[in-house]
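Coordinates from query_26.csv are shown below (CSV, C-alpha atoms).
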```csv
chain,number,residue,atom,x,y,z
A,1,MET,CA,-15.2,-2.9,-5.9
A,2,PRO,CA,-13.0,-4.9,-3.7
A,3,THR,CA,-9.3,-4.4,-4.6
A,4,TYR,CA,-6.8,-6.9,-3.4
A,5,HIS,CA,-3.0,-6.4,-3.0
A,6,ILE,CA,-1.2,-9.7,-2.3
A,7,GLU,CA,2.4,-9.6,-1.2
A,8,MET,CA,4.0,-13.0,-1.3
A,9,PHE,CA,7.5,-14.5,-1.8
A,10,GLU,CA,8.5,-14.5,-5.4
A,11,GLY,CA,8.8,-17.9,-7.1
A,12,ARG,CA,5.1,-18.9,-7.5
A,13,SER,CA,4.4,-20.3,-10.9
A,14,HIS,CA,2.0,-18.7,-13.4
A,15,GLU,CA,-0.3,-21.7,-12.9
A,16,GLU,CA,-0.4,-21.1,-9.1
A,17,LYS,CA,-1.2,-17.4,-9.6
A,18,ARG,CA,-3.9,-18.3,-12.1
A,19,GLU,CA,-5.6,-20.6,-9.7
A,20,LEU,CA,-5.1,-18.2,-6.8
A,21,VAL,CA,-6.8,-15.2,-8.4
A,22,ALA,CA,-9.7,-17.4,-9.6
A,23,ALA,CA,-10.2,-18.9,-6.1
A,24,ILE,CA,-10.0,-15.5,-4.4
A,25,THR,CA,-12.4,-13.9,-6.8
A,26,GLU,CA,-14.8,-16.8,-6.4
A,27,ALA,CA,-14.7,-16.6,-2.7
A,28,THR,CA,-15.1,-12.8,-2.7
A,29,CYS,CA,-18.2,-12.9,-4.9
A,30,ARG,CA,-19.7,-15.7,-2.9
A,31,VAL,CA,-19.3,-14.0,0.4
A,32,LEU,CA,-19.9,-10.4,-0.6
A,33,ASN,CA,-22.4,-11.1,-3.3
A,34,CYS,CA,-20.7,-9.0,-5.9
A,35,ALA,CA,-20.0,-9.4,-9.6
A,36,PRO,CA,-16.6,-10.9,-10.6
A,37,GLY,CA,-15.8,-7.9,-12.7
A,38,ALA,CA,-15.8,-5.8,-9.6
A,39,VAL,CA,-12.8,-7.7,-8.2
A,40,ASP,CA,-9.3,-6.5,-8.9
A,41,ILE,CA,-6.2,-8.4,-7.6
A,42,ILE,CA,-2.7,-7.1,-7.8
A,43,ILE,CA,0.2,-9.4,-6.8
A,44,HIS,CA,3.5,-8.1,-5.6
A,45,ASP,CA,6.3,-10.7,-5.7
A,46,ILE,CA,8.6,-10.0,-2.8
A,47,PRO,CA,12.2,-11.4,-2.8
A,48,ARG,CA,13.2,-13.1,0.4
A,49,HIS,CA,15.9,-10.6,0.9
A,50,ASN,CA,13.3,-7.9,1.1
A,51,TRP,CA,11.1,-9.5,3.7
A,52,ALA,CA,11.9,-9.7,7.4
A,53,THR,CA,10.2,-11.3,10.4
A,54,ALA,CA,11.6,-10.9,13.9
A,55,GLY,CA,14.3,-8.6,12.6
A,56,LYS,CA,15.8,-11.1,10.2
A,57,LEU,CA,15.6,-11.2,6.4
A,58,TRP,CA,14.0,-14.4,5.1
A,59,SER,CA,17.0,-14.9,2.8
A,60,GLU,CA,18.9,-15.5,6.0
A,61,GLN,CA,16.5,-17.6,8.0
A,62,SER,CA,17.8,-21.0,8.6
A,63,ASN,CA,15.5,-23.9,9.1
B,1,MET,CA,2.1,16.3,1.8
B,2,PRO,CA,0.1,14.3,-0.7
B,3,THR,CA,1.8,11.1,-1.5
B,4,TYR,CA,0.7,9.1,-4.6
B,5,HIS,CA,1.2,5.4,-5.3
B,6,ILE,CA,0.3,4.5,-8.9
B,7,GLU,CA,0.0,0.9,-10.0
B,8,MET,CA,-0.1,0.5,-13.7
B,9,PHE,CA,0.8,-2.1,-16.3
B,10,GLU,CA,4.6,-2.2,-16.9
B,11,GLY,CA,5.7,-1.0,-20.3
B,12,ARG,CA,5.1,2.7,-20.1
B,13,SER,CA,8.0,4.7,-21.5
B,14,HIS,CA,10.2,7.0,-19.5
B,15,GLU,CA,8.7,9.9,-21.5
B,16,GLU,CA,5.2,8.9,-20.5
B,17,LYS,CA,6.1,8.7,-16.9
B,18,ARG,CA,7.9,12.0,-17.0
B,19,GLU,CA,4.8,13.6,-18.5
B,20,LEU,CA,2.5,11.8,-16.1
B,21,VAL,CA,4.2,12.9,-12.9
B,22,ALA,CA,4.4,16.5,-14.1
B,23,ALA,CA,0.7,16.5,-15.0
B,24,ILE,CA,-0.4,14.9,-11.7
B,25,THR,CA,1.7,17.2,-9.7
B,26,GLU,CA,0.4,20.3,-11.5
B,27,ALA,CA,-3.2,19.1,-11.1
B,28,THR,CA,-2.7,18.4,-7.4
B,29,CYS,CA,-1.1,21.8,-6.6
B,30,ARG,CA,-3.8,23.6,-8.5
B,31,VAL,CA,-6.7,21.9,-6.8
B,32,LEU,CA,-5.2,21.5,-3.3
B,33,ASN,CA,-3.3,24.8,-3.4
B,34,CYS,CA,0.0,23.2,-2.2
B,35,ALA,CA,3.6,23.6,-3.2
B,36,PRO,CA,5.0,21.2,-5.8
B,37,GLY,CA,7.8,20.1,-3.4
B,38,ALA,CA,5.1,18.6,-1.2
B,39,VAL,CA,4.0,16.1,-3.8
B,40,ASP,CA,5.6,12.7,-3.9
B,41,ILE,CA,4.7,10.1,-6.5
B,42,ILE,CA,5.8,6.5,-6.5
B,43,ILE,CA,5.0,4.3,-9.5
B,44,HIS,CA,4.8,0.5,-9.3
B,45,ASP,CA,5.0,-1.2,-12.7
B,46,ILE,CA,2.8,-4.3,-12.5
B,47,PRO,CA,3.3,-7.2,-15.0
B,48,ARG,CA,0.1,-8.3,-16.6
B,49,HIS,CA,0.6,-11.8,-15.1
B,50,ASN,CA,0.4,-10.2,-11.7
B,51,TRP,CA,-2.9,-8.3,-12.2
B,52,ALA,CA,-6.3,-10.0,-12.4
B,53,THR,CA,-9.8,-8.7,-13.0
B,54,ALA,CA,-12.9,-10.9,-12.8
B,55,GLY,CA,-10.7,-13.7,-11.6
B,56,LYS,CA,-8.5,-13.8,-14.7
B,57,LEU,CA,-4.9,-12.6,-15.1
B,58,TRP,CA,-4.5,-9.9,-17.7
B,59,SER,CA,-1.8,-12.0,-19.4
B,60,GLU,CA,-4.5,-14.4,-20.3
B,61,GLN,CA,-7.3,-12.0,-21.2
B,62,SER,CA,-8.2,-12.4,-24.8
B,63,ASN,CA,-9.6,-9.5,-26.8
C,1,MET,CA,-5.9,0.1,-15.5
C,2,PRO,CA,-4.0,2.7,-13.5
C,3,THR,CA,-5.0,2.6,-9.9
C,4,TYR,CA,-4.1,5.5,-7.6
C,5,HIS,CA,-3.7,5.6,-3.9
C,6,ILE,CA,-3.4,9.0,-2.5
C,7,GLU,CA,-2.4,9.6,1.1
C,8,MET,CA,-3.0,13.2,2.3
C,9,PHE,CA,-3.8,15.0,5.5
C,10,GLU,CA,-7.4,14.6,6.6
C,11,GLY,CA,-9.5,17.8,6.4
C,12,ARG,CA,-9.9,18.3,2.6
C,13,SER,CA,-13.5,19.1,1.7
C,14,HIS,CA,-15.7,17.0,-0.5
C,15,GLU,CA,-15.5,19.6,-3.2
C,16,GLU,CA,-11.7,19.5,-3.2
C,17,LYS,CA,-11.7,15.7,-3.5
C,18,ARG,CA,-14.3,15.9,-6.3
C,19,GLU,CA,-12.1,18.3,-8.2
C,20,LEU,CA,-8.9,16.4,-7.5
C,21,VAL,CA,-10.1,13.0,-8.8
C,22,ALA,CA,-11.5,14.7,-11.9
C,23,ALA,CA,-8.3,16.5,-12.6
C,24,ILE,CA,-6.1,13.4,-11.9
C,25,THR,CA,-8.2,11.2,-14.1
C,26,GLU,CA,-8.2,13.8,-16.9
C,27,ALA,CA,-4.4,14.2,-16.7
C,28,THR,CA,-3.9,10.4,-16.6
C,29,CYS,CA,-6.1,9.7,-19.7
C,30,ARG,CA,-4.5,12.5,-21.6
C,31,VAL,CA,-0.9,11.4,-21.0
C,32,LEU,CA,-1.4,7.6,-21.0
C,33,ASN,CA,-4.2,7.6,-23.7
C,34,CYS,CA,-6.5,5.5,-21.7
C,35,ALA,CA,-10.3,5.5,-21.1
C,36,PRO,CA,-11.6,7.3,-17.9
C,37,GLY,CA,-13.3,4.1,-16.8
C,38,ALA,CA,-9.9,2.5,-16.4
C,39,VAL,CA,-8.8,4.9,-13.7
C,40,ASP,CA,-9.5,4.1,-10.1
C,41,ILE,CA,-8.5,6.5,-7.3
C,42,ILE,CA,-8.6,5.7,-3.6
C,43,ILE,CA,-7.9,8.4,-1.1
C,44,HIS,CA,-6.6,7.7,2.4
C,45,ASP,CA,-7.2,10.6,4.9
C,46,ILE,CA,-4.3,10.6,7.3
C,47,PRO,CA,-4.5,12.4,10.6
C,48,ARG,CA,-1.6,14.7,11.4
C,49,HIS,CA,-0.8,12.6,14.5
C,50,ASN,CA,-0.2,9.6,12.2
C,51,TRP,CA,2.3,11.2,9.8
C,52,ALA,CA,5.9,12.0,10.6
C,53,THR,CA,8.6,13.8,8.8
C,54,ALA,CA,12.1,14.0,10.2
C,55,GLY,CA,11.1,11.9,13.1
C,56,LYS,CA,8.4,14.2,14.3
C,57,LEU,CA,4.6,13.9,14.0
C,58,TRP,CA,2.9,16.6,12.1
C,59,SER,CA,0.6,17.2,15.0
C,60,GLU,CA,3.6,18.4,16.8
C,61,GLN,CA,5.4,20.4,14.2
C,62,SER,CA,5.6,24.0,15.1
C,63,ASN,CA,5.7,26.6,12.4
D,1,MET,CA,1.4,-7.2,14.9
D,2,PRO,CA,3.1,-4.1,13.4
D,3,THR,CA,3.7,-4.6,9.7
D,4,TYR,CA,6.1,-2.2,7.9
D,5,HIS,CA,6.3,-1.4,4.2
D,6,ILE,CA,9.4,0.5,3.3
D,7,GLU,CA,9.8,2.2,0.0
D,8,MET,CA,13.3,3.4,-0.8
D,9,PHE,CA,15.5,3.9,-3.8
D,10,GLU,CA,16.9,0.6,-5.2
D,11,GLY,CA,20.6,0.1,-4.7
D,12,ARG,CA,20.9,-0.6,-1.0
D,13,SER,CA,23.2,-3.5,-0.2
D,14,HIS,CA,22.1,-6.7,1.4
D,15,GLU,CA,24.1,-5.7,4.5
D,16,GLU,CA,22.3,-2.4,4.8
D,17,LYS,CA,18.9,-4.1,4.6
D,18,ARG,CA,20.0,-6.7,7.2
D,19,GLU,CA,21.0,-3.9,9.6
D,20,LEU,CA,18.0,-1.8,8.8
D,21,VAL,CA,15.4,-4.5,9.6
D,22,ALA,CA,17.2,-5.5,12.8
D,23,ALA,CA,17.3,-1.9,13.9
D,24,ILE,CA,13.7,-1.2,13.0
D,25,THR,CA,12.5,-4.3,14.8
D,26,GLU,CA,14.6,-3.6,17.9
D,27,ALA,CA,13.2,0.0,18.0
D,28,THR,CA,9.6,-1.2,17.5
D,29,CYS,CA,9.8,-3.8,20.2
D,30,ARG,CA,11.4,-1.4,22.7
D,31,VAL,CA,8.8,1.3,22.1
D,32,LEU,CA,5.7,-0.8,21.7
D,33,ASN,CA,6.7,-3.5,24.1
D,34,CYS,CA,6.0,-6.3,21.6
D,35,ALA,CA,7.7,-9.6,20.7
D,36,PRO,CA,10.2,-9.5,17.7
D,37,GLY,CA,8.2,-12.3,16.0
D,38,ALA,CA,5.2,-9.9,15.8
D,39,VAL,CA,7.1,-7.5,13.5
D,40,ASP,CA,7.1,-8.0,9.7
D,41,ILE,CA,8.9,-5.7,7.4
D,42,ILE,CA,8.6,-5.7,3.6
D,43,ILE,CA,10.9,-3.6,1.5
D,44,HIS,CA,10.0,-2.3,-1.9
D,45,ASP,CA,13.0,-1.2,-4.0
D,46,ILE,CA,11.9,1.7,-6.2
D,47,PRO,CA,14.0,2.7,-9.2
D,48,ARG,CA,14.7,6.5,-9.4
D,49,HIS,CA,12.8,6.6,-12.7
D,50,ASN,CA,9.6,5.6,-10.8
D,51,TRP,CA,9.8,8.2,-8.0
D,52,ALA,CA,9.0,11.8,-8.5
D,53,THR,CA,9.1,14.8,-6.1
D,54,ALA,CA,7.9,18.2,-7.2
D,55,GLY,CA,6.7,16.8,-10.5
D,56,LYS,CA,10.1,15.5,-11.6
D,57,LEU,CA,11.4,12.0,-11.6
D,58,TRP,CA,14.5,11.4,-9.5
D,59,SER,CA,16.3,9.9,-12.5
D,60,GLU,CA,16.2,13.4,-13.9
D,61,GLN,CA,16.9,15.5,-10.9
D,62,SER,CA,20.2,17.3,-11.2
D,63,ASN,CA,22.3,18.1,-8.2
E,1,MET,CA,3.8,-15.6,4.2
E,2,PRO,CA,1.1,-14.2,1.9
E,3,THR,CA,-0.1,-10.8,3.2
E,4,TYR,CA,-3.4,-9.4,1.8
E,5,HIS,CA,-4.6,-5.9,1.8
E,6,ILE,CA,-8.2,-5.6,0.8
E,7,GLU,CA,-9.7,-2.2,0.1
E,8,MET,CA,-13.5,-2.2,-0.1
E,9,PHE,CA,-16.4,0.1,0.5
E,10,GLU,CA,-17.2,0.6,4.1
E,11,GLY,CA,-20.4,-0.9,5.4
E,12,ARG,CA,-19.7,-4.6,5.3
E,13,SER,CA,-20.9,-6.4,8.5
E,14,HIS,CA,-18.7,-8.1,10.9
E,15,GLU,CA,-20.2,-11.4,9.8
E,16,GLU,CA,-19.3,-10.7,6.2
E,17,LYS,CA,-15.7,-9.9,7.1
E,18,ARG,CA,-15.5,-13.0,9.3
E,19,GLU,CA,-16.7,-15.2,6.4
E,20,LEU,CA,-14.5,-13.4,3.9
E,21,VAL,CA,-11.2,-13.8,5.7
E,22,ALA,CA,-12.0,-17.5,6.4
E,23,ALA,CA,-12.8,-18.1,2.7
E,24,ILE,CA,-9.7,-16.2,1.5
E,25,THR,CA,-7.4,-18.0,3.9
E,26,GLU,CA,-8.9,-21.4,2.9
E,27,ALA,CA,-8.5,-20.6,-0.8
E,28,THR,CA,-4.9,-19.4,-0.3
E,29,CYS,CA,-3.8,-22.4,1.7
E,30,ARG,CA,-5.4,-24.8,-0.8
E,31,VAL,CA,-3.8,-23.2,-3.9
E,32,LEU,CA,-0.4,-22.3,-2.4
E,33,ASN,CA,-0.1,-25.2,-0.1
E,34,CYS,CA,0.7,-23.1,2.9
E,35,ALA,CA,-0.3,-23.1,6.6
E,36,PRO,CA,-3.2,-20.9,7.7
E,37,GLY,CA,-1.0,-19.2,10.3
E,38,ALA,CA,1.1,-17.8,7.4
E,39,VAL,CA,-1.8,-15.8,6.0
E,40,ASP,CA,-2.4,-12.3,7.2
E,41,ILE,CA,-5.3,-10.2,5.9
E,42,ILE,CA,-5.8,-6.5,6.5
E,43,ILE,CA,-9.0,-4.8,5.5
E,44,HIS,CA,-9.2,-1.1,4.7
E,45,ASP,CA,-12.8,0.2,4.8
E,46,ILE,CA,-13.0,3.0,2.2
E,47,PRO,CA,-15.9,5.5,2.3
E,48,ARG,CA,-17.5,6.1,-1.0
E,49,HIS,CA,-16.5,9.7,-1.0
E,50,ASN,CA,-12.9,8.5,-1.0
E,51,TRP,CA,-13.0,6.2,-4.0
E,52,ALA,CA,-13.4,7.4,-7.6
E,53,THR,CA,-13.8,5.6,-10.9
E,54,ALA,CA,-13.8,7.4,-14.2
E,55,GLY,CA,-13.0,10.7,-12.4
E,56,LYS,CA,-16.1,10.6,-10.2
E,57,LEU,CA,-16.4,9.8,-6.6
E,58,TRP,CA,-18.7,6.9,-5.8
E,59,SER,CA,-20.7,9.0,-3.4
E,60,GLU,CA,-21.8,11.0,-6.4
E,61,GLN,CA,-22.4,8.2,-8.9
E,62,SER,CA,-26.0,7.9,-9.8
E,63,ASN,CA,-27.5,4.6,-10.8
F,1,MET,CA,13.8,9.2,0.6
F,2,PRO,CA,12.7,6.2,2.6
F,3,THR,CA,8.9,6.2,3.1
F,4,TYR,CA,7.4,4.0,5.8
F,5,HIS,CA,3.9,2.7,6.1
F,6,ILE,CA,3.2,1.1,9.4
F,7,GLU,CA,0.0,-0.9,9.9
F,8,MET,CA,-0.7,-1.7,13.6
F,9,PHE,CA,-3.6,-2.3,15.8
F,10,GLU,CA,-5.4,0.9,16.8
F,11,GLY,CA,-5.1,1.9,20.4
F,12,ARG,CA,-1.5,3.1,20.7
F,13,SER,CA,-1.2,6.4,22.5
F,14,HIS,CA,0.1,9.6,21.0
F,15,GLU,CA,3.2,9.2,23.2
F,16,GLU,CA,3.9,5.8,21.9
F,17,LYS,CA,3.6,7.0,18.3
F,18,ARG,CA,5.8,10.0,19.0
F,19,GLU,CA,8.5,7.7,20.4
F,20,LEU,CA,8.1,5.2,17.6
F,21,VAL,CA,8.6,7.6,14.7
F,22,ALA,CA,11.6,9.2,16.5
F,23,ALA,CA,13.2,5.8,17.0
F,24,ILE,CA,12.5,4.6,13.5
F,25,THR,CA,13.8,7.7,11.9
F,26,GLU,CA,17.0,7.6,14.1
F,27,ALA,CA,17.6,4.0,13.2
F,28,THR,CA,17.0,4.6,9.5
F,29,CYS,CA,19.4,7.6,9.3
F,30,ARG,CA,22.0,5.7,11.3
F,31,VAL,CA,21.9,2.6,9.0
F,32,LEU,CA,21.3,4.3,5.7
F,33,ASN,CA,23.2,7.4,6.3
F,34,CYS,CA,20.5,9.8,5.2
F,35,ALA,CA,19.1,13.0,6.6
F,36,PRO,CA,16.2,12.9,9.0
F,37,GLY,CA,14.2,15.2,6.7
F,38,ALA,CA,14.3,12.4,4.0
F,39,VAL,CA,12.3,10.0,6.2
F,40,ASP,CA,8.5,10.0,6.0
F,41,ILE,CA,6.4,7.7,8.2
F,42,ILE,CA,2.7,7.1,7.8
F,43,ILE,CA,0.8,5.1,10.4
F,44,HIS,CA,-2.4,3.2,9.6
F,45,ASP,CA,-4.4,2.3,12.8
F,46,ILE,CA,-6.1,-1.0,12.0
F,47,PRO,CA,-9.1,-2.1,14.1
F,48,ARG,CA,-8.8,-5.7,15.3
F,49,HIS,CA,-12.0,-6.6,13.4
F,50,ASN,CA,-10.2,-5.6,10.2
F,51,TRP,CA,-7.1,-7.8,10.7
F,52,ALA,CA,-7.1,-11.6,10.4
F,53,THR,CA,-4.4,-14.2,10.9
F,54,ALA,CA,-5.0,-17.9,10.1
F,55,GLY,CA,-8.4,-17.0,8.8
F,56,LYS,CA,-9.7,-15.5,12.0
F,57,LEU,CA,-10.3,-11.8,12.8
F,58,TRP,CA,-8.3,-10.6,15.8
F,59,SER,CA,-11.5,-9.3,17.4
F,60,GLU,CA,-12.4,-13.0,17.7
F,61,GLN,CA,-9.2,-14.5,18.7
F,62,SER,CA,-9.4,-16.0,22.2
F,63,ASN,CA,-6.3,-16.2,24.4
```
Would you mind writing the structure in this file as structure tokens?
Amino acid sequence: MPTYHIEMFEGRSHEEKRELVAAITEATCRVLNCAPGAVDIIIHDIPRHNWATAGKLWSEQSN
Amino acid sequence: MPTYHIEMFEGRSHEEKRELVAAITEATCRVLNCAPGAVDIIIHDIPRHNWATAGKLWSEQSN
Amino acid sequence: MPTYHIEMFEGRSHEEKRELVAAITEATCRVLNCAPGAVDIIIHDIPRHNWATAGKLWSEQSN
Amino acid sequence: MPTYHIEMFEGRSHEEKRELVAAITEATCRVLNCAPGAVDIIIHDIPRHNWATAGKLWSEQSN
Amino acid sequence: MPTYHIEMFEGRSHEEKRELVAAITEATCRVLNCAPGAVDIIIHDIPRHNWATAGKLWSEQSN
Amino acid sequence: MPTYHIEMFEGRSHEEKRELVAAITEATCRVLNCAPGAVDIIIHDIPRHNWATAGKLWSEQSN
């Protein structure tokens, strides 16, 4: 019954998400020896202006 | 002080949400014997392309 | 596919939890018109020393 | 490694969020004696029609 | 910056968790093309008496 | 109505938590101009063997 919540920056393509959930599910079932149907994955797309590291929003981080 | 987070597919109407939070709060207070004002409920609407079961996004599940 | 996370003070009995998840699931299926098997509920028991309101831990709230 | 999730009503300005994450990070590092780079903060903007207290959505609370 | 929260039944060994986080991180970096250091994974061990499906706690599910 | 979830390594003292929630609440009310009673903070103590960065559990990170 592993349930995943993934928070990541918004902007990932549908194709990347499709590949990601397939890969995560495969890895989970391989390691934990569980059925794919037991794995749920929920993605939260986070805008850069809603995520901060070191006290600074990522929308304002300069490179 | 029960606090609920509900993740469900986006698309539910305002009326369904209104009924849902009233029913959940009533059930909680009845079972846990707490005051309605102690119950907080936060709903996260999840797009089908952000939720996967069995390694496949729900936006791609065929029936 | 509604998935619930409930955070509440630790100390509720097994019987209260059993009644709570049954009541929440029943209310959810009635309002959203979904199958019981689609409803997952995860409870997080929170110690009073890990929950604060108004800047004060509940383990230190006086009545 | 403190990681914060903040759920609050949508509508806060970029400037308020910038100040909030700076203040939260400063307070965290001061109290816990950790480096700013160890603090991550993720904000979830919640519409008032997705948050209920006492069984009533905030979009329907009258003052 | 992907951050994972994994909720799963308590009881998994340290070795299983070590393999799981390595596999999840590897899959994430491969698909999303990000650095391993950007991936954080937090596991929440959930007792079976705190997880319900279909209105029934898993501690009470019979096989 | 800001609600905070803080995930941090287990091991912080009661005194540190008391100071942290007071400081976070003060900072929140100052920046967002809200009443202290509107701020809820829930702390999740995470064991180092349940938190990974860069694919490695913190219980196994060497310094």
Contacts between chain F and chain D, please, where a residue of chain D counts if it comes within 8 Å (with all atoms listed in the file); show its shortest atom pair and distance in Å to one decimal, rows by chain and ascending number, as a Markdown table.
```
| residue | atom | partner | partner_atom | distance |
| --- | --- | --- | --- | --- |
| D:Met1 | CA | F:Met8 | CA | 6.0 |
| D:Pro2 | CA | F:Met8 | CA | 4.5 |
| D:Thr3 | CA | F:Glu7 | CA | 5.2 |
| D:Tyr4 | CA | F:Ile6 | CA | 4.6 |
| D:His5 | CA | F:His5 | CA | 5.1 |
| D:Ile6 | CA | F:Tyr4 | CA | 4.7 |
| D:Glu7 | CA | F:Thr3 | CA | 5.1 |
| D:Met8 | CA | F:Pro2 | CA | 4.4 |
| D:Phe9 | CA | F:Met1 | CA | 7.1 |
| D:Glu16 | CA | F:Val31 | CA | 6.5 |
| D:Glu19 | CA | F:Val31 | CA | 6.6 |
| D:Leu20 | CA | F:Val31 | CA | 5.9 |
| D:Ala23 | CA | F:Ala27 | CA | 5.9 |
| D:Ile24 | CA | F:Ile24 | CA | 5.9 |
| D:Ala27 | CA | F:Ala23 | CA | 5.9 |
| D:Thr28 | CA | F:Leu20 | CA | 6.6 |
| D:Val31 | CA | F:Leu20 | CA | 6.0 |
| D:Leu32 | CA | F:Glu16 | CA | 6.8 |
```
At what distance in Å, to one decimal, does CA of Gly37 in chain E lie from CA of Gln61 in chain F? 12.6 Å
With chain D held fixed, move chain C onto it by a least-squares fit of all C-alpha atoms in order and give the output as a PDB file with C-alpha atoms, keeping the file's coordinate frame.
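The new file part_24.pdb reads:
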```pdb
ATOM      1  CA  MET C   1       1.426  -7.250  14.849  1.00  0.00           C
ATOM      2  CA  PRO C   2       3.065  -4.167  13.371  1.00  0.00           C
ATOM      3  CA  THR C   3       3.717  -4.630   9.720  1.00  0.00           C
ATOM      4  CA  TYR C   4       6.093  -2.270   7.904  1.00  0.00           C
ATOM      5  CA  HIS C   5       6.309  -1.384   4.295  1.00  0.00           C
ATOM      6  CA  ILE C   6       9.324   0.539   3.385  1.00  0.00           C
ATOM      7  CA  GLU C   7       9.711   2.163  -0.011  1.00  0.00           C
ATOM      8  CA  MET C   8      13.287   3.343  -0.770  1.00  0.00           C
ATOM      9  CA  PHE C   9      15.512   3.829  -3.759  1.00  0.00           C
ATOM     10  CA  GLU C  10      16.848   0.589  -5.192  1.00  0.00           C
ATOM     11  CA  GLY C  11      20.619   0.075  -4.743  1.00  0.00           C
ATOM     12  CA  ARG C  12      20.930  -0.565  -0.955  1.00  0.00           C
ATOM     13  CA  SER C  13      23.170  -3.548  -0.254  1.00  0.00           C
ATOM     14  CA  HIS C  14      22.094  -6.708   1.463  1.00  0.00           C
ATOM     15  CA  GLU C  15      24.101  -5.759   4.490  1.00  0.00           C
ATOM     16  CA  GLU C  16      22.322  -2.413   4.786  1.00  0.00           C
ATOM     17  CA  LYS C  17      18.908  -4.097   4.581  1.00  0.00           C
ATOM     18  CA  ARG C  18      20.012  -6.697   7.162  1.00  0.00           C
ATOM     19  CA  GLU C  19      21.017  -3.946   9.535  1.00  0.00           C
ATOM     20  CA  LEU C  20      17.957  -1.822   8.853  1.00  0.00           C
ATOM     21  CA  VAL C  21      15.351  -4.534   9.591  1.00  0.00           C
ATOM     22  CA  ALA C  22      17.235  -5.454  12.764  1.00  0.00           C
ATOM     23  CA  ALA C  23      17.359  -1.913  13.954  1.00  0.00           C
ATOM     24  CA  ILE C  24      13.673  -1.200  13.032  1.00  0.00           C
ATOM     25  CA  THR C  25      12.464  -4.314  14.744  1.00  0.00           C
ATOM     26  CA  GLU C  26      14.552  -3.557  17.853  1.00  0.00           C
ATOM     27  CA  ALA C  27      13.235   0.032  18.018  1.00  0.00           C
ATOM     28  CA  THR C  28       9.632  -1.153  17.458  1.00  0.00           C
ATOM     29  CA  CYS C  29       9.730  -3.826  20.249  1.00  0.00           C
ATOM     30  CA  ARG C  30      11.359  -1.437  22.626  1.00  0.00           C
ATOM     31  CA  VAL C  31       8.826   1.377  22.181  1.00  0.00           C
ATOM     32  CA  LEU C  32       5.660  -0.713  21.639  1.00  0.00           C
ATOM     33  CA  ASN C  33       6.682  -3.565  24.079  1.00  0.00           C
ATOM     34  CA  CYS C  34       5.997  -6.262  21.638  1.00  0.00           C
ATOM     35  CA  ALA C  35       7.737  -9.573  20.736  1.00  0.00           C
ATOM     36  CA  PRO C  36      10.185  -9.533  17.706  1.00  0.00           C
ATOM     37  CA  GLY C  37       8.178 -12.290  16.059  1.00  0.00           C
ATOM     38  CA  ALA C  38       5.271  -9.897  15.729  1.00  0.00           C
ATOM     39  CA  VAL C  39       7.145  -7.523  13.469  1.00  0.00           C
ATOM     40  CA  ASP C  40       7.040  -8.020   9.749  1.00  0.00           C
ATOM     41  CA  ILE C  41       8.967  -5.722   7.382  1.00  0.00           C
ATOM     42  CA  ILE C  42       8.603  -5.672   3.613  1.00  0.00           C
ATOM     43  CA  ILE C  43      10.906  -3.551   1.556  1.00  0.00           C
ATOM     44  CA  HIS C  44       9.992  -2.234  -1.888  1.00  0.00           C
ATOM     45  CA  ASP C  45      13.051  -1.186  -4.024  1.00  0.00           C
ATOM     46  CA  ILE C  46      11.959   1.715  -6.159  1.00  0.00           C
ATOM     47  CA  PRO C  47      13.926   2.749  -9.197  1.00  0.00           C
ATOM     48  CA  ARG C  48      14.753   6.436  -9.448  1.00  0.00           C
ATOM     49  CA  HIS C  49      12.780   6.648 -12.722  1.00  0.00           C
ATOM     50  CA  ASN C  50       9.648   5.583 -10.797  1.00  0.00           C
ATOM     51  CA  TRP C  51       9.765   8.190  -8.012  1.00  0.00           C
ATOM     52  CA  ALA C  52       8.943  11.852  -8.403  1.00  0.00           C
ATOM     53  CA  THR C  53       9.199  14.803  -6.167  1.00  0.00           C
ATOM     54  CA  ALA C  54       7.936  18.195  -7.239  1.00  0.00           C
ATOM     55  CA  GLY C  55       6.747  16.775 -10.463  1.00  0.00           C
ATOM     56  CA  LYS C  56      10.098  15.520 -11.564  1.00  0.00           C
ATOM     57  CA  LEU C  57      11.496  11.961 -11.617  1.00  0.00           C
ATOM     58  CA  TRP C  58      14.504  11.364  -9.522  1.00  0.00           C
ATOM     59  CA  SER C  59      16.301   9.953 -12.495  1.00  0.00           C
ATOM     60  CA  GLU C  60      16.185  13.384 -13.871  1.00  0.00           C
ATOM     61  CA  GLN C  61      16.954  15.514 -10.892  1.00  0.00           C
ATOM     62  CA  SER C  62      20.150  17.368 -11.289  1.00  0.00           C
ATOM     63  CA  ASN C  63      22.201  18.228  -8.271  1.00  0.00           C
TER      64      ASN C  63
END
```
Go ahead and compute the interatomic distance for CA of Ala52 in chain B and CA of His14 in chain A, in Å to one decimal. 12.1 Å
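As for CA of Cys34 in chain F and CA of Lys56 in chain A, they are spaced 22.0 Å apart.
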Taking all atoms of range 23-32 of chain E that appear in the file, build a box with edges along x, y and z, extend it by 5 Å on every side, and state its centre and edge lengths in Å to one decimal, as lines of an AutoDock Vina configuration file.
```
center_x = -6.6
center_y = -20.5
center_z = 0.0
size_x = 22.4
size_y = 18.6
size_z = 17.8
```
